[in-house]
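Heads up, the thing below is written out as structure tokens.
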Amino acid sequence: MKFKVLKQSFLSVVLFSAGITAQNKFVNTPPEVSPMPMKPEMTEIWKPEVKIITPAKILGNAPSDAIVLFDGKNLDQWVSKKNSNKPAEWKIVDNDYLEVVPGSGDIQTKMTFGDCQLHLEWSTPDEVLDGGQARGNSGVFFQNRYELQILDSYNNRTYSNGQAGSIYKDHAPLVNAVKSPLEWNVYDVIYTAPRFRTDGKIDAPARITVFLNGVLIQNNVTINGLTLYIGLHNYPSSHGDDVISLQDHGAKNQFRNIWIRKL
């Protein structure tokens, strides 16, 4: 019996040692020929199939999967920010563009959004009456909190993180690509909503990329928190999808061709 136990122990040691040797040989001596040569199809992804959409015939118009927020016909997608049970009080001009009615208040979408692609065309009042922040001031608020500034920054000096194309009081634009008040400006925006942990604290802040008139002016920048006129920006509480809002800042700014894609 004792001899049998010793024999089994010796055999286990031999097998264990052989395993180590085999492993070392495998690790330190790769095979001369790959056991499975790579083929092109090994790195091809076929599913899920990429969804087909129809792009606009005219660059800048809405593709087939976009939600049209304003096309000159009506304000069915908008309500008053003061009272979301009331229709938006801004006016439609010539079945073409939307104009702020100063004093009526901000307007907001009926639908809520998080990550999105937004296209919006805007123009400041034709007649220049003021300067600085009083000149054609408005803004686009993502998730009703984070403002992309609209301002007549054509030959109009103001603080850099408050001019057109800025993430207001947060990031100045890379360049000033604003056209004159007699022309239309175009925003194309990629917005990534913030992510929050289960305890309500920020996990990943919002990010934004902005093209103004085809020029990159915000390159995937981090939004540092709520847009505040006074004080440092921060993320005080968690939230989900929310409305897109447009600001009434007392100027007769104009908007047209507004569409959005959920991402």
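Residues are referred to by chain and number: the chain letter is A, B, ... according to the order shown in the structure tokens, the number counts from 1 in that chain, and ligands are numbered separately from 1 in the order shown.
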Near stretch 223-236 of chain A, counting only C-alpha atoms, which residues have an atom at most 12 Å away, once you skip same-chain residues fewer than 6 positions from it, shown as JSON, numbers by chain?
{"A": [139, 140, 141, 142, 143, 144, 145, 146, 147, 148, 149, 161, 162, 166, 167, 168, 169, 170, 171, 172, 191, 192, 193, 194, 195, 196, 200, 201, 202, 203, 204, 205, 206, 207, 208, 209]}
Run DSSP on the backbone and tell me which residues of stretch 186-220 of chain A come out as strand (DSSP E); list them as a PyMOL selection string.
chain A and resi 186-192+195-196+202-204+207-212+215-220
Pick out the closest residue to A:Asp65 from this set: A:Ile217, A:Trp90, A:Leu246, A:Ile52. Count only C-alpha atoms.
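Under the stated criterion, the closest residue is A:Ile52.
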Surrounding residues of A:Thr54 excluding itself and chain neighbours under 4 positions, 10 Å, only C-alpha atoms, as a PyMOL selection string:
chain A and resi 62-65
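Between A:Ser123 and the residues A:Ile45, A:Ile92, A:Leu98, A:Val215, the shortest atom-to-atom distance, using only C-alpha atoms, involves A:Leu98.
For A:Asn137, the non-local neighbours within 7 Å, defined as residues at least 6 positions apart in the same chain or in other chains and counting only C-alpha atoms, are Ile150, Leu151, Asp152, His249 and Ala251 of chain A.
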For the residues selected in the previous step, produce a file with N, CA, C and O atoms as a tab-separated table (two decimals), in the first residue's frame.
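Done, and the output landed in again28.tsv:
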chain	number	residue	atom	x	y	z
A	150	ILE	N	-26.07	82.60	-28.97
A	150	ILE	CA	-26.37	83.28	-30.23
A	150	ILE	C	-26.22	84.77	-29.97
A	150	ILE	O	-26.77	85.30	-29.00
A	151	LEU	N	-25.47	85.45	-30.84
A	151	LEU	CA	-25.22	86.88	-30.67
A	151	LEU	C	-24.75	87.45	-32.01
A	151	LEU	O	-24.15	86.72	-32.81
A	152	ASP	N	-25.03	88.72	-32.23
A	152	ASP	CA	-24.45	89.38	-33.40
A	152	ASP	C	-23.01	89.74	-33.05
A	152	ASP	O	-22.73	90.77	-32.45
A	249	HIS	N	-34.22	87.11	-25.48
A	249	HIS	CA	-33.35	88.03	-24.73
A	249	HIS	C	-33.63	89.47	-25.12
A	249	HIS	O	-32.78	90.35	-24.95
A	251	ALA	N	-34.32	90.68	-28.20
A	251	ALA	CA	-33.98	91.05	-29.58
A	251	ALA	C	-34.82	90.22	-30.55
A	251	ALA	O	-35.17	89.08	-30.27
